[in-house]
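**Q** One structure is given below, represented as structure tokens, and several questions about it will come after.
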Amino acid sequence: MLDALVALAGPVRRVQALLLSRKTPPDPLDSLSALLEFASGVSGTLAMVRSTPAYFRLHAFARNASAEVLGRTDLVLRRSGAEPQRLSFPPVDSVRANLEAFADAVAGVSPYPIPTSEMLDTIAAFEAIAEAARSNGRLREV
């Protein structure tokens with residue numbers, strides 16, 4: 001989800017994160033919440049719970065609309081004054097697609113679809129989240 005947020009909003013400027021752990025390993029019941037401020041002025045929130053079954057949701061908000069991705073195939077578009085529009089897409093093997101894109105880039109067939117700068121921005125944001133979580137939620141500049 002972090003890479004999706006960076007792709008949508010650009011580099012992260014600041015991070016605040018809180019890690020809560022309810023049980024020690026090997027079966028921890030951890031949850032992590034992170035508040036992100038992007039250099040573009042956009043804000044974002046990540047929330048993760050390790051012990052639950054896999055669940056994915058990305059919800060982007062604008063002044064008069066929002067787009068909500070539910071799981072790997074469903075999208076709900078909401079616009080002011082209109083009924084929600086629900087769209088379903090066929091599943092995609094994203095790991096295979098990524099490996100094929102990488103192979104095409106190595107072979108010179110086509111450029112890799114994710115710019116190196118975006119990958120570095122995602123890594124920097126991930127490291128800032130980890131550091132903020134280790135420091136009990138202290139704000140971190142990226």
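Residues in the structure tokens are numbered from 1 in each chain, the chains being A, B, ... in the order shown, and ligands are numbered from 1 in the order shown.
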Write out as JSON, numbers by chain the residues lying within 12 Å of range 120-126 of chain A, counting only C-alpha atoms and excluding same-chain residues fewer than 5 positions away.
**A** {"A": [1, 2, 3, 4, 5, 6, 7, 8, 9, 10, 11, 12, 13, 14, 15, 16, 17, 34, 35, 36, 37, 38, 39, 44, 46, 114, 115, 131, 132, 133, 140, 141, 142]}
**Q** Skip Arg134 in chain A itself and residues of its chain fewer than 2 positions away, then list as a ChimeraX atom specification all residues within 12 Å of it, counting only C-alpha atoms.
**A** /A:16-21,32,127-132,136-140
**Q** Fewer than 4 positions away in the same chain doesn't count, so skip those; otherwise give me all residues within 7 Å of Ala67 in chain A, counting only C-alpha atoms, as a list of chain:residue names.
**A** A:His59, A:Ala60, A:Phe61, A:Leu75, A:Val76, A:Leu77, A:Arg78
**Q** Find the residues around range 86-100 of chain A up to 12 Å (only C-alpha atoms counted), leave out those fewer than 3 positions away in its own chain, and share them as a list in words.
**A**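 Everything that qualifies: Ala67, Glu68, Val69, Leu70, Gly71, Arg72, Thr73, Asp74, Leu75, Val76, Leu77, Arg78, Arg79, Glu83, Ala103, Asp104, Ala105, Val106, Ala107, Val109, Ser110, Pro111, Tyr112, Pro113 and Ile114 of chain A.
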**Q** Suppose we keep C-alpha atoms; can you now write the selection as a short mmCIF file (atom, residue, chain, number, x, y, z; two decimals), in the first residue's frame?
**A**
data_model
loop_
_atom_site.label_atom_id
_atom_site.label_comp_id
_atom_site.auth_asym_id
_atom_site.auth_seq_id
_atom_site.Cartn_x
_atom_site.Cartn_y
_atom_site.Cartn_z
CA ALA A 67 -12.21 6.21 -5.02
CA GLU A 68 -12.05 3.12 -2.84
CA VAL A 69 -10.16 -0.01 -3.83
CA LEU A 70 -11.42 -3.06 -1.96
CA GLY A 71 -9.26 -6.15 -2.19
CA ARG A 72 -7.48 -6.85 -5.43
CA THR A 73 -10.39 -6.52 -7.88
CA ASP A 74 -13.11 -4.11 -6.69
CA LEU A 75 -13.37 -0.34 -6.99
CA VAL A 76 -16.09 1.99 -5.68
CA LEU A 77 -16.28 5.52 -7.11
CA ARG A 78 -18.28 8.07 -5.19
CA ARG A 79 -19.16 11.50 -6.57
CA GLU A 83 -24.98 7.01 -6.61
CA ALA A 103 12.57 -9.14 -17.63
CA ASP A 104 11.41 -6.84 -20.46
CA ALA A 105 13.41 -3.96 -18.96
CA VAL A 106 16.55 -6.10 -18.63
CA ALA A 107 16.13 -7.30 -22.23
CA VAL A 109 12.14 -4.44 -24.72
CA SER A 110 10.50 -1.69 -22.65
CA PRO A 111 11.36 0.49 -19.67
CA TYR A 112 10.45 -0.75 -16.20
CA PRO A 113 7.10 0.88 -15.31
CA ILE A 114 8.18 2.14 -11.87
#
**Q** Run DSSP on the backbone of this structure and report the residues of chain A it assigns to strand (DSSP E), as a ChimeraX atom specification.
**A** /A:12-21,30-38,43-49,57-61,65-70,74-79,85-88,140-141
**Q** Going by DSSP on the backbone, which bits of chain A are helix (DSSP H, G or I)? Write them as a ChimeraX atom specification, please.
**A** /A:2-9,94-106,116-134
**Q** Please indicate the distance in Å from CA of Thr24 in chain A to CA of Val49 in chain A, rounded to one decimal place.
**A**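 If I compute the distance from CA of Thr24 in chain A to CA of Val49 in chain A, I get 14.6 Å.
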**Q** Could you please determine the separation between CA of Ser31 in chain A and CA of Ser117 in chain A in Å, to one decimal place?
**A** 29.0 Å
**Q** Which is closer to Arg50 in chain A than all the others in A:Ser135, A:Ser33, A:Gln85, A:Asn64, using only C-alpha atoms?
**A** A:Ser33
**Q** Quote the spacing between CA of Ser66 in chain A and CA of Ala54 in chain A in Å to one decimal place.
**A**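 So the two atoms, CA of Ser66 in chain A and CA of Ala54 in chain A, lie 23.2 Å apart.
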